[in-house]
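Undergrad: Structure file final_15.txt, compact mmCIF, C-alpha atoms and all ligand atoms, is pasted below:
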```txt
# COMPACT_ATOMS: atom_id res chain seq x y z
CA MET C 1277 15.54 24.41 29.39
CA GLN C 1278 17.48 22.25 26.93
CA TYR C 1279 16.21 19.58 24.58
CA ALA C 1280 18.04 16.84 22.74
CA GLU C 1281 19.70 17.79 19.44
CA ARG C 1282 17.92 14.97 17.60
CA LEU C 1283 14.57 16.72 18.00
CA LYS C 1284 15.70 19.18 15.35
CA ARG C 1285 15.50 16.32 12.87
CA LEU C 1286 12.00 15.15 13.82
CA GLY C 1287 9.27 15.88 11.28
CA THR C 1288 5.52 15.46 11.60
CA GLU C 1289 2.28 14.67 9.81
CA THR C 1290 0.61 17.87 8.67
CA ALA C 1291 -2.84 16.25 8.46
CA PHE C 1292 -3.15 16.38 12.24
CA GLU C 1293 -2.10 20.04 12.33
CA VAL C 1294 -4.59 21.04 9.63
CA LEU C 1295 -7.28 19.12 11.55
CA VAL C 1296 -6.54 21.22 14.65
CA ARG C 1297 -6.73 24.47 12.60
CA ALA C 1298 -9.97 23.33 10.95
CA LYS C 1299 -11.51 22.52 14.35
CA ALA C 1300 -10.51 25.96 15.63
CA LEU C 1301 -12.29 27.58 12.65
CA GLU C 1302 -15.35 25.43 13.34
CA ALA C 1303 -15.31 26.52 16.97
CA LYS C 1304 -15.54 30.11 15.69
CA GLY C 1305 -18.67 29.16 13.72
CA MET C 1306 -17.24 28.46 10.25
CA GLU C 1307 -18.57 25.48 8.33
CA VAL C 1308 -15.62 23.26 7.32
CA VAL C 1309 -15.59 20.25 4.99
CA HIS C 1310 -12.93 17.83 6.17
CA LEU C 1311 -10.87 16.38 3.35
CA GLU C 1312 -7.57 16.48 5.23
CA ILE C 1313 -7.37 13.38 7.36
CA GLY C 1314 -6.63 9.89 6.06
CA GLU C 1315 -9.24 7.89 7.86
CA PRO C 1316 -12.34 6.05 6.69
CA ASP C 1317 -15.51 7.84 7.80
CA PHE C 1318 -17.29 4.49 8.30
CA GLU C 1319 -17.98 2.76 11.60
CA THR C 1320 -15.86 -0.27 12.48
CA PRO C 1321 -18.00 -3.24 11.29
CA LYS C 1322 -20.29 -4.34 14.12
CA HIS C 1323 -19.09 -7.94 14.39
CA ILE C 1324 -15.54 -6.67 14.93
CA SER C 1325 -16.52 -4.20 17.66
CA GLU C 1326 -18.64 -6.89 19.32
CA ALA C 1327 -15.65 -9.26 19.33
CA GLY C 1328 -13.58 -6.55 21.05
CA ILE C 1329 -16.30 -5.87 23.65
CA LYS C 1330 -16.74 -9.58 24.31
CA ALA C 1331 -12.96 -9.93 24.69
CA ILE C 1332 -12.99 -7.29 27.44
CA ARG C 1333 -15.83 -9.17 29.18
CA ASP C 1334 -13.89 -12.42 28.78
CA GLY C 1335 -10.92 -10.91 30.61
CA TYR C 1336 -8.55 -10.00 27.76
CA THR C 1337 -7.51 -6.99 29.79
CA HIS C 1338 -3.95 -7.97 30.76
CA TYR C 1339 -0.50 -7.99 29.21
CA ASN C 1340 0.26 -10.42 26.39
CA PRO C 1341 3.53 -11.34 24.60
CA ALA C 1342 5.38 -8.33 23.11
CA ALA C 1343 4.90 -9.57 19.52
CA GLY C 1344 1.23 -10.38 20.15
CA PHE C 1345 -0.86 -13.48 20.90
CA PRO C 1346 0.51 -16.50 18.97
CA ASP C 1347 -3.01 -17.43 17.76
CA ILE C 1348 -3.56 -13.99 16.26
CA ARG C 1349 -0.07 -13.96 14.74
CA ARG C 1350 -0.91 -17.29 13.13
CA ILE C 1351 -4.11 -15.83 11.67
CA ILE C 1352 -2.06 -12.94 10.22
CA SER C 1353 0.62 -15.20 8.82
CA ASP C 1354 -2.02 -17.45 7.17
CA ASP C 1355 -3.70 -14.38 5.69
CA ILE C 1356 -0.40 -13.03 4.37
CA ASN C 1357 0.40 -16.40 2.79
CA LYS C 1358 -2.97 -16.39 1.07
CA THR C 1359 -2.96 -12.77 -0.12
CA ARG C 1360 0.73 -12.44 -1.05
CA GLY C 1361 1.39 -16.01 -2.17
CA ILE C 1362 4.36 -16.49 0.15
CA ASN C 1363 5.16 -18.89 2.95
CA THR C 1364 5.53 -17.24 6.35
CA ASN C 1365 5.04 -18.52 9.89
CA LEU C 1366 3.81 -16.84 13.06
CA ASN C 1367 7.34 -16.16 14.34
CA GLN C 1368 7.74 -13.66 11.51
CA VAL C 1369 4.78 -11.57 12.66
CA VAL C 1370 4.97 -8.67 15.11
CA ILE C 1371 1.70 -7.00 16.09
CA THR C 1372 1.97 -3.31 16.96
CA PRO C 1373 -0.34 -0.43 17.97
CA GLY C 1374 -1.02 0.64 14.36
CA GLY C 1375 1.22 0.12 11.36
CA LYS C 1376 3.26 3.22 12.14
CA PRO C 1377 5.52 1.63 14.80
CA ILE C 1378 6.69 -0.87 12.17
CA ILE C 1379 8.18 2.07 10.26
CA PHE C 1380 9.98 3.33 13.35
CA PHE C 1381 11.13 -0.05 14.67
CA THR C 1382 12.34 -1.56 11.43
CA ILE C 1383 14.35 1.53 10.50
CA MET C 1384 15.77 1.55 14.02
CA ALA C 1385 16.65 -2.14 13.78
CA LEU C 1386 18.22 -2.03 10.30
CA VAL C 1387 19.86 1.31 9.72
CA ASN C 1388 23.02 2.80 11.23
CA GLU C 1389 23.81 6.50 11.39
CA GLY C 1390 25.06 7.62 7.99
CA ASP C 1391 23.38 4.76 6.11
CA GLU C 1392 21.13 5.73 3.24
CA VAL C 1393 17.43 4.99 2.96
CA ILE C 1394 15.55 5.55 -0.30
CA TYR C 1395 11.94 6.59 0.16
CA PRO C 1396 9.12 7.90 -2.07
CA ASN C 1397 8.68 11.64 -2.51
CA PRO C 1398 5.90 12.70 -2.41
CA GLY C 1399 5.18 10.11 0.25
CA PHE C 1400 3.94 9.45 3.76
CA PRO C 1401 5.88 12.09 5.74
CA ILE C 1402 6.75 9.77 8.60
CA TYR C 1403 9.33 7.92 6.47
CA GLU C 1404 11.53 10.96 5.98
CA SER C 1405 11.01 12.11 9.56
CA VAL C 1406 12.07 8.79 11.10
CA ILE C 1407 15.01 8.25 8.73
CA GLU C 1408 16.45 11.65 9.62
CA PHE C 1409 15.57 11.41 13.29
CA LEU C 1410 17.61 8.21 13.52
CA GLY C 1411 20.62 9.90 11.91
CA ALA C 1412 20.43 8.17 8.53
CA LYS C 1413 20.42 9.93 5.17
CA ALA C 1414 17.00 10.24 3.53
CA VAL C 1415 17.31 9.81 -0.24
CA PRO C 1416 14.09 10.70 -2.08
CA ILE C 1417 12.97 8.83 -5.17
CA PRO C 1418 10.63 11.09 -7.15
CA LEU C 1419 7.15 9.89 -8.05
CA ARG C 1420 6.08 11.74 -11.15
CA GLU C 1421 2.67 12.37 -12.62
CA GLU C 1422 3.88 11.47 -16.12
CA ASN C 1423 4.81 8.02 -14.78
CA ASP C 1424 1.40 7.62 -13.07
CA PHE C 1425 3.13 8.32 -9.77
CA ARG C 1426 5.08 5.05 -9.91
CA LEU C 1427 8.77 5.18 -9.13
CA ASP C 1428 11.05 4.88 -12.15
CA VAL C 1429 13.13 1.74 -11.69
CA LYS C 1430 15.99 3.13 -13.80
CA GLU C 1431 16.17 6.15 -11.55
CA LEU C 1432 16.07 3.87 -8.51
CA ARG C 1433 19.09 1.98 -9.78
CA LYS C 1434 21.00 5.27 -10.07
CA LEU C 1435 20.19 6.28 -6.51
CA VAL C 1436 21.61 3.12 -4.96
CA THR C 1437 25.07 3.48 -3.39
CA PRO C 1438 27.17 1.14 -1.23
CA LYS C 1439 25.58 2.91 1.75
CA THR C 1440 21.99 2.12 0.75
CA LYS C 1441 20.56 -0.13 3.43
CA LEU C 1442 16.84 0.12 2.99
CA LEU C 1443 14.26 1.03 0.35
CA ILE C 1444 10.74 2.05 1.34
CA ILE C 1445 7.90 1.51 -1.11
CA ASN C 1446 4.20 2.13 -0.65
CA SER C 1447 1.62 0.73 -3.04
CA PRO C 1448 -1.21 1.71 -3.33
CA GLN C 1449 0.38 5.01 -2.44
CA ASN C 1450 -0.42 7.88 -0.11
CA PRO C 1451 -0.82 10.66 -1.30
CA THR C 1452 -0.93 9.92 -5.06
CA GLY C 1453 -3.02 6.73 -5.29
CA GLY C 1454 -0.33 5.28 -7.59
CA VAL C 1455 0.07 1.50 -7.78
CA LEU C 1456 3.30 -0.31 -8.66
CA THR C 1457 3.01 -2.92 -11.42
CA HIS C 1458 4.19 -6.52 -11.48
CA SER C 1459 7.22 -5.59 -13.55
CA ASP C 1460 8.06 -2.58 -11.34
CA LEU C 1461 8.07 -4.88 -8.33
CA GLU C 1462 10.11 -7.53 -10.10
CA GLU C 1463 12.78 -4.98 -11.01
CA ILE C 1464 12.75 -3.42 -7.53
CA ALA C 1465 13.30 -6.89 -6.08
CA ARG C 1466 16.16 -7.51 -8.52
CA ILE C 1467 17.88 -4.27 -7.50
CA ALA C 1468 17.41 -5.09 -3.80
CA LYS C 1469 18.93 -8.52 -4.26
CA GLU C 1470 21.89 -7.29 -6.31
CA HIS C 1471 22.76 -4.62 -3.76
CA ASP C 1472 21.76 -6.44 -0.58
CA ILE C 1473 19.07 -3.93 0.37
CA TRP C 1474 16.10 -4.48 2.69
CA ILE C 1475 12.65 -3.40 1.48
CA LEU C 1476 10.02 -1.96 3.77
CA SER C 1477 6.84 -2.49 1.78
CA ASP C 1478 4.05 -0.37 3.21
CA GLU C 1479 0.94 -2.24 2.13
CA ILE C 1480 -1.55 -0.49 4.42
CA TYR C 1481 -3.83 0.26 1.42
CA SER C 1482 -3.50 -3.22 -0.12
CA ARG C 1483 -7.27 -3.81 0.00
CA ILE C 1484 -8.32 -0.30 -0.98
CA ILE C 1485 -7.71 -0.69 -4.67
CA TYR C 1486 -9.91 -0.13 -7.74
CA GLU C 1487 -8.99 -0.93 -11.35
CA ALA C 1488 -5.47 -2.14 -10.54
CA LYS C 1489 -4.42 -5.44 -8.98
CA PHE C 1490 -2.53 -5.42 -5.71
CA GLU C 1491 0.75 -7.28 -5.69
CA SER C 1492 3.46 -7.42 -3.06
CA VAL C 1493 7.20 -7.25 -3.71
CA SER C 1494 7.49 -10.04 -1.12
CA GLN C 1495 6.50 -12.54 -3.84
CA PHE C 1496 9.98 -11.98 -5.35
CA VAL C 1497 12.17 -11.39 -2.29
CA PRO C 1498 10.31 -12.63 0.82
CA GLU C 1499 13.58 -12.91 2.75
CA ARG C 1500 14.40 -9.19 2.48
CA THR C 1501 10.88 -7.72 2.58
CA ILE C 1502 9.17 -6.31 5.63
CA ILE C 1503 5.44 -6.18 4.95
CA LEU C 1504 3.60 -3.45 6.84
CA ASP C 1505 -0.17 -3.75 7.01
CA GLY C 1506 -2.91 -3.23 9.55
CA MET C 1507 -6.54 -2.73 10.40
CA SER C 1508 -6.81 1.09 10.28
CA LYS C 1509 -7.82 1.58 6.67
CA THR C 1510 -9.28 -1.79 5.57
CA TYR C 1511 -11.66 -2.15 8.51
CA ALA C 1512 -12.12 1.50 9.55
CA MET C 1513 -10.27 0.85 12.82
CA THR C 1514 -7.88 3.81 13.06
CA GLY C 1515 -8.58 4.41 16.74
CA TRP C 1516 -8.12 0.78 17.76
CA ARG C 1517 -4.42 1.09 16.93
CA LEU C 1518 -3.78 -2.25 15.27
CA GLY C 1519 -1.09 -3.00 12.74
CA TYR C 1520 1.63 -5.53 12.10
CA GLY C 1521 4.87 -6.28 10.33
CA VAL C 1522 5.81 -9.58 8.68
CA MET C 1523 9.54 -10.05 8.27
CA ASP C 1524 12.60 -12.25 8.62
CA GLU C 1525 12.36 -14.22 11.88
CA LYS C 1526 15.54 -12.79 13.42
CA LEU C 1527 14.49 -9.24 12.59
CA ALA C 1528 11.07 -9.99 14.08
CA SER C 1529 12.68 -10.95 17.38
CA TRP C 1530 14.61 -7.65 17.45
CA VAL C 1531 11.49 -5.65 16.56
CA SER C 1532 9.65 -7.54 19.27
CA ARG C 1533 12.36 -6.54 21.75
CA LEU C 1534 11.88 -2.92 20.69
CA CYS C 1535 8.17 -3.41 21.47
CA THR C 1536 9.10 -4.67 24.94
CA ASN C 1537 11.19 -1.56 25.47
CA ASP C 1538 8.58 0.79 24.04
CA HIS C 1539 4.97 -0.22 24.79
CA SER C 1540 5.28 -3.80 26.18
CA CYS C 1541 2.52 -5.16 23.95
CA THR C 1542 -0.52 -4.23 21.85
CA ALA C 1543 -3.89 -4.12 23.69
CA SER C 1544 -5.09 -7.70 24.31
CA PHE C 1545 -8.82 -7.21 23.58
CA ALA C 1546 -7.99 -5.20 20.44
CA GLN C 1547 -5.99 -8.16 19.10
CA ILE C 1548 -9.01 -10.43 19.56
CA ALA C 1549 -11.02 -7.95 17.48
CA MET C 1550 -8.25 -8.06 14.86
CA GLY C 1551 -8.59 -11.85 14.66
CA ALA C 1552 -12.34 -11.41 14.12
CA ALA C 1553 -11.72 -8.79 11.43
CA ILE C 1554 -9.39 -11.01 9.41
CA THR C 1555 -11.31 -14.27 9.75
CA GLY C 1556 -14.88 -12.89 9.75
CA PRO C 1557 -17.18 -11.64 6.98
CA GLN C 1558 -15.55 -9.18 4.56
CA GLU C 1559 -18.73 -7.65 3.07
CA ASP C 1560 -18.56 -4.41 5.10
CA SER C 1561 -14.99 -3.82 4.05
CA ARG C 1562 -15.78 -4.57 0.41
CA SER C 1563 -18.77 -2.25 0.31
CA MET C 1564 -16.66 0.49 1.90
CA VAL C 1565 -14.20 0.16 -1.00
CA GLU C 1566 -17.07 0.29 -3.52
CA GLU C 1567 -18.30 3.49 -1.89
CA PHE C 1568 -14.77 4.95 -2.01
CA LYS C 1569 -14.67 4.23 -5.72
CA ARG C 1570 -17.97 6.05 -6.26
CA ARG C 1571 -16.64 9.03 -4.33
CA ARG C 1572 -13.35 8.96 -6.18
CA ASP C 1573 -15.18 9.34 -9.47
CA VAL C 1574 -17.20 12.25 -8.11
CA ILE C 1575 -14.18 14.12 -6.75
CA VAL C 1576 -11.88 13.46 -9.71
CA ASP C 1577 -14.54 14.55 -12.23
CA GLY C 1578 -15.33 17.60 -10.12
CA LEU C 1579 -11.69 18.65 -9.67
CA ASN C 1580 -11.04 18.30 -13.39
CA LYS C 1581 -13.79 20.85 -14.05
CA ILE C 1582 -12.12 23.47 -11.85
CA LYS C 1583 -9.96 26.01 -13.63
CA GLY C 1584 -6.27 25.39 -13.03
CA PHE C 1585 -6.78 21.86 -11.64
CA SER C 1586 -6.07 18.58 -13.40
CA CYS C 1587 -6.42 15.27 -11.61
CA LYS C 1588 -5.43 11.75 -12.61
CA LYS C 1589 -7.63 8.92 -11.45
CA PRO C 1590 -6.01 7.32 -8.41
CA LEU C 1591 -5.97 3.52 -8.64
CA GLY C 1592 -5.96 2.88 -4.91
CA ALA C 1593 -6.15 4.40 -1.39
CA PHE C 1594 -8.68 7.23 -0.82
CA TYR C 1595 -6.91 10.40 -1.89
CA ALA C 1596 -7.25 12.61 -4.94
CA TYR C 1597 -3.96 14.30 -5.82
CA PRO C 1598 -4.61 17.02 -8.40
CA ASN C 1599 -2.02 19.09 -10.14
CA VAL C 1600 -2.90 22.69 -9.22
CA ARG C 1601 -0.11 24.52 -11.06
CA GLY C 1602 -2.64 26.01 -13.46
CA THR C 1603 -4.05 28.14 -10.65
CA GLY C 1604 -0.74 30.03 -10.47
CA TRP C 1605 -0.64 29.53 -6.71
CA LYS C 1606 1.87 27.71 -4.54
CA SER C 1607 0.32 24.58 -3.03
CA LYS C 1608 0.59 25.65 0.60
CA GLU C 1609 -0.85 29.11 -0.08
CA LEU C 1610 -3.72 27.54 -1.96
CA ALA C 1611 -4.41 25.02 0.83
CA ASP C 1612 -4.35 27.80 3.46
CA TYR C 1613 -6.59 30.03 1.37
CA LEU C 1614 -9.17 27.30 0.77
CA LEU C 1615 -9.29 26.48 4.47
CA ASP C 1616 -9.24 29.99 5.92
CA LYS C 1617 -11.60 31.64 3.43
CA PHE C 1618 -13.78 28.81 2.11
CA GLY C 1619 -13.76 26.14 4.82
CA VAL C 1620 -12.23 23.33 2.74
CA ALA C 1621 -9.64 21.46 4.79
CA ALA C 1622 -7.13 19.67 2.55
CA LEU C 1623 -3.37 19.29 2.39
CA SER C 1624 -0.68 20.95 0.35
CA GLY C 1625 1.31 18.46 -1.71
CA THR C 1626 4.38 19.76 0.11
CA ALA C 1627 3.13 18.08 3.29
CA PHE C 1628 4.41 14.92 1.54
CA GLY C 1629 7.85 16.23 0.61
CA HIS C 1630 9.32 18.97 -1.53
CA LEU C 1631 8.29 17.19 -4.73
CA GLY C 1632 4.66 17.73 -3.75
CA GLU C 1633 4.89 21.37 -4.85
CA GLY C 1634 2.23 22.00 -7.48
CA TYR C 1635 -0.18 19.44 -6.03
CA MET C 1636 -2.80 19.12 -3.31
CA ARG C 1637 -4.21 16.09 -1.52
CA PHE C 1638 -7.93 15.72 -0.92
CA SER C 1639 -9.03 12.73 1.15
CA TYR C 1640 -12.36 11.44 -0.17
CA ALA C 1641 -13.14 9.60 3.02
CA ASN C 1642 -16.19 11.83 3.31
CA SER C 1643 -19.78 11.67 1.98
CA VAL C 1644 -20.62 12.45 -1.66
CA GLU C 1645 -22.76 15.30 -0.35
CA ASN C 1646 -19.78 16.85 1.47
CA ILE C 1647 -17.46 16.22 -1.45
CA LYS C 1648 -19.87 18.08 -3.74
CA LYS C 1649 -20.09 20.89 -1.22
CA ALA C 1650 -16.28 21.09 -1.11
CA LEU C 1651 -16.04 21.09 -4.91
CA ALA C 1652 -18.44 24.04 -5.11
CA LYS C 1653 -16.42 25.92 -2.49
CA ILE C 1654 -13.11 25.20 -4.25
CA GLU C 1655 -14.56 26.42 -7.54
CA GLN C 1656 -15.79 29.58 -5.84
CA GLY C 1657 -12.41 30.01 -4.13
CA VAL C 1658 -10.42 29.63 -7.33
CA ALA C 1659 -12.74 32.03 -9.18
CA SER C 1660 -12.13 34.65 -6.50
CA PHE C 1661 -8.31 34.50 -6.68
CA LYS C 1662 -6.54 37.80 -6.90
CA HIS C 1663 -2.82 37.62 -7.38
C1 LIG G 1701 1.14 5.11 3.90
C2 LIG G 1701 0.74 4.91 5.31
N1 LIG G 1701 1.43 4.05 6.07
C3 LIG G 1701 1.13 3.84 7.35
C4 LIG G 1701 0.09 4.51 7.96
C5 LIG G 1701 -0.14 4.26 9.41
O1 LIG G 1701 -1.41 3.86 9.76
P1 LIG G 1701 -1.73 3.24 11.18
O2 LIG G 1701 -0.62 3.54 12.12
O3 LIG G 1701 -3.02 3.85 11.59
O4 LIG G 1701 -1.85 1.76 10.96
C6 LIG G 1701 -0.66 5.44 7.21
C7 LIG G 1701 -1.72 6.23 7.84
O5 LIG G 1701 -2.15 7.27 7.39
C8 LIG G 1701 -0.33 5.64 5.85
O6 LIG G 1701 -1.01 6.49 5.08
```
What is this file in structure tokens?

TA:
Amino acid sequence: MQYAERLKRLGTETAFEVLVRAKALEAKGMEVVHLEIGEPDFETPKHISEAGIKAIRDGYTHYNPAAGFPDIRRIISDDINKTRGINTNLNQVVITPGGKPIIFFTIMALVNEGDEVIYPNPGFPIYESVIEFLGAKAVPIPLREENDFRLDVKELRKLVTPKTKLLIINSPQNPTGGVLTHSDLEEIARIAKEHDIWILSDEIYSRIIYEAKFESVSQFVPERTIILDGMSKTYAMTGWRLGYGVMDEKLASWVSRLCTNDHSCTASFAQIAMGAAITGPQEDSRSMVEEFKRRRDVIVDGLNKIKGFSCKKPLGAFYAYPNVRGTGWKSKELADYLLDKFGVAALSGTAFGHLGEGYMRFSYANSVENIKKALAKIEQGVASFKH
């Protein structure tokens, strides 16, 4: 049996693999605390689910336009205008099954083989996977702890070449919780303009933010920014598969054609629920973020008390990203050890790129009780290390 050559360049998301391993350990009777997967542990707010159920009853069970229902695209475009302070229209919006397809489709629509794409490292692993899968060159921009996990704009300037076609940024960031500042974004926009580079701005955690203020690079260069956002994180709707991209109108029509070729359209009733999520009450979403903040403080304080760990306070998203070099262990070995021997499922920093060595990612989308349980197990695990 032969498979296509390009498969050799396809990466993956380790979180799903660790989840499978953790479930297998549970099936054998081990108690596992799940801090590996990036999904809110809350229910989808009731009014949103009810809107989806009603939509099924009302007959929203057929195909719809590839880019999504115009009314829902208008709701998204209005929301983007309000939250990002820009001026978009519904023809710039493409609704997709989750935010992830926007990564795939925009890279496919913008980048030729051999072109260069700059992306954050450590970062969401799908960026590097898709860039390489499509035959482009993945150029990592390091996110360093000493710079609060923000990219260094001077370094960015040095990485740009005549082949650079696209820059991917993600703020608030997975896995570090770093948030780009107003002046970072201004300078990134300047570089993009000077060198005629597109920016894919992954804003999926835009509303899961604590002390910092969310800002979008689109305020500076709306014409060359693709905003990626969606329902998964903000409204605890990961399984509904609802996301969108907001971009240049011509690019939107190409991305929409890719949708036609790929999945035809996003589920009709789910889109009605998305409209209800954006236009309806926001209290549930806000209290979820408050709870995340409470948990963040618990996990960060707890991790900082463990020998060999030091953890900066993440400003957004729901991941703690401690430096674990002080344990003397490699990240992956440590992650495997904590899962296999102590039932704490978390990810090695290297699941987010080679620059993640020396770090681990703990998702705090879990109860305070479970977080405390995990902290006790980690402490016990670290104390039992024998090199
Ligand atoms: C940075 C980032 N971008 C995009 C996504 C995709 O989310 P979804 O496809 O569920 O909208 C995720 C999910 O983990 C993420 O962490």

Undergrad: Neighbours of ligand LIG 1701 (chain G) within 8 Å, counting only C-alpha atoms and all ligand atoms, as a ChimeraX atom specification?

TA: /C:1314-1315,1373-1377,1379,1399-1400,1446,1449-1451,1478-1481,1504-1509,1513-1515,1517-1519

Undergrad: Residues of the last selection are to be written out with C-alpha atoms, as a compact mmCIF listing (two decimals), in the frame of the given file.

TA:
```txt
# COMPACT_ATOMS: atom_id res chain seq x y z
CA GLY C 1314 -6.63 9.89 6.06
CA GLU C 1315 -9.24 7.89 7.86
CA PRO C 1373 -0.34 -0.43 17.97
CA GLY C 1374 -1.02 0.64 14.36
CA GLY C 1375 1.22 0.12 11.36
CA LYS C 1376 3.26 3.22 12.14
CA PRO C 1377 5.52 1.63 14.80
CA ILE C 1379 8.18 2.07 10.26
CA GLY C 1399 5.18 10.11 0.25
CA PHE C 1400 3.94 9.45 3.76
CA ASN C 1446 4.20 2.13 -0.65
CA GLN C 1449 0.38 5.01 -2.44
CA ASN C 1450 -0.42 7.88 -0.11
CA PRO C 1451 -0.82 10.66 -1.30
CA ASP C 1478 4.05 -0.37 3.21
CA GLU C 1479 0.94 -2.24 2.13
CA ILE C 1480 -1.55 -0.49 4.42
CA TYR C 1481 -3.83 0.26 1.42
CA LEU C 1504 3.60 -3.45 6.84
CA ASP C 1505 -0.17 -3.75 7.01
CA GLY C 1506 -2.91 -3.23 9.55
CA MET C 1507 -6.54 -2.73 10.40
CA SER C 1508 -6.81 1.09 10.28
CA LYS C 1509 -7.82 1.58 6.67
CA MET C 1513 -10.27 0.85 12.82
CA THR C 1514 -7.88 3.81 13.06
CA GLY C 1515 -8.58 4.41 16.74
CA ARG C 1517 -4.42 1.09 16.93
CA LEU C 1518 -3.78 -2.25 15.27
CA GLY C 1519 -1.09 -3.00 12.74
```

Undergrad: What separation in Å, quoted to one decimal, exists between atom CA of Tyr1635 of chain C and atom CA of Ile1484 of chain C?

TA: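 Taking atom CA of Tyr1635 of chain C and atom CA of Ile1484 of chain C, their separation equals 21.9 Å.
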
Undergrad: Could you state the separation of atom CA of Asn1363 of chain C and atom CA of Met1523 of chain C in Å, given to one decimal place?

TA: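 Between atom CA of Asn1363 of chain C and atom CA of Met1523 of chain C the gap is 11.2 Å.
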
Undergrad: Please compute the atom CA of Asn1357 of chain C-atom CA of Val1493 of chain C distance, one decimal, in Å.

TA: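 Going from atom CA of Asn1357 of chain C over to atom CA of Val1493 of chain C covers 13.1 Å.
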
Undergrad: Please give the centre and size of the box around segment 1363-1371 of chain C (axis-aligned, containing every atom listed in the file, 4 Å added per side), with values in Å to one decimal and written as AutoDock Vina command-line options.

TA:
```
--center_x 4.7 --center_y -12.9 --center_z 9.5 --size_x 14.0 --size_y 19.9 --size_z 21.1
```

Undergrad: Which residue gives the smallest distance to Tyr1403 of chain C among C:Leu1286, C:Leu1311, C:Met1306, C:Val1497, with all atoms listed in the file counted?

TA: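 Closest residue, counting all atoms listed in the file: C:Leu1286.
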
Undergrad: In file coordinates, which residues lie within 12 Å of (-7.9, 31.0, 3.7) using only C-alpha atoms, given as an NGL selection string?

TA: :C and (1297-1298 or 1301 or 1306 or 1308 or 1608-1622 or 1653-1654 or 1657-1658 or 1660-1661)

Undergrad: Using the selection just defined, write its residues with C-alpha atoms as a PDB file, in the coordinates of the input.

TA:
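Final output, saved to part_8.pdb:
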```pdb
ATOM      1  CA  ARG C1297      -6.730  24.470  12.600  1.00  0.00           C
ATOM      2  CA  ALA C1298      -9.970  23.330  10.950  1.00  0.00           C
ATOM      3  CA  LEU C1301     -12.290  27.580  12.650  1.00  0.00           C
ATOM      4  CA  MET C1306     -17.240  28.460  10.250  1.00  0.00           C
ATOM      5  CA  VAL C1308     -15.620  23.260   7.320  1.00  0.00           C
ATOM      6  CA  LYS C1608       0.590  25.650   0.600  1.00  0.00           C
ATOM      7  CA  GLU C1609      -0.850  29.110  -0.080  1.00  0.00           C
ATOM      8  CA  LEU C1610      -3.720  27.540  -1.960  1.00  0.00           C
ATOM      9  CA  ALA C1611      -4.410  25.020   0.830  1.00  0.00           C
ATOM     10  CA  ASP C1612      -4.350  27.800   3.460  1.00  0.00           C
ATOM     11  CA  TYR C1613      -6.590  30.030   1.370  1.00  0.00           C
ATOM     12  CA  LEU C1614      -9.170  27.300   0.770  1.00  0.00           C
ATOM     13  CA  LEU C1615      -9.290  26.480   4.470  1.00  0.00           C
ATOM     14  CA  ASP C1616      -9.240  29.990   5.920  1.00  0.00           C
ATOM     15  CA  LYS C1617     -11.600  31.640   3.430  1.00  0.00           C
ATOM     16  CA  PHE C1618     -13.780  28.810   2.110  1.00  0.00           C
ATOM     17  CA  GLY C1619     -13.760  26.140   4.820  1.00  0.00           C
ATOM     18  CA  VAL C1620     -12.230  23.330   2.740  1.00  0.00           C
ATOM     19  CA  ALA C1621      -9.640  21.460   4.790  1.00  0.00           C
ATOM     20  CA  ALA C1622      -7.130  19.670   2.550  1.00  0.00           C
ATOM     21  CA  LYS C1653     -16.420  25.920  -2.490  1.00  0.00           C
ATOM     22  CA  ILE C1654     -13.110  25.200  -4.250  1.00  0.00           C
ATOM     23  CA  GLY C1657     -12.410  30.010  -4.130  1.00  0.00           C
ATOM     24  CA  VAL C1658     -10.420  29.630  -7.330  1.00  0.00           C
ATOM     25  CA  SER C1660     -12.130  34.650  -6.500  1.00  0.00           C
ATOM     26  CA  PHE C1661      -8.310  34.500  -6.680  1.00  0.00           C
TER      27      PHE C1661
END
```

Undergrad: Measuring atom to atom with only C-alpha atoms, identify which of C:Tyr1597, C:Ala1553, C:Gly1411, C:Leu1432 is nearest to Tyr1395 of chain C.

TA: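 Smallest separation from Tyr1395 of chain C among the options: C:Leu1432.
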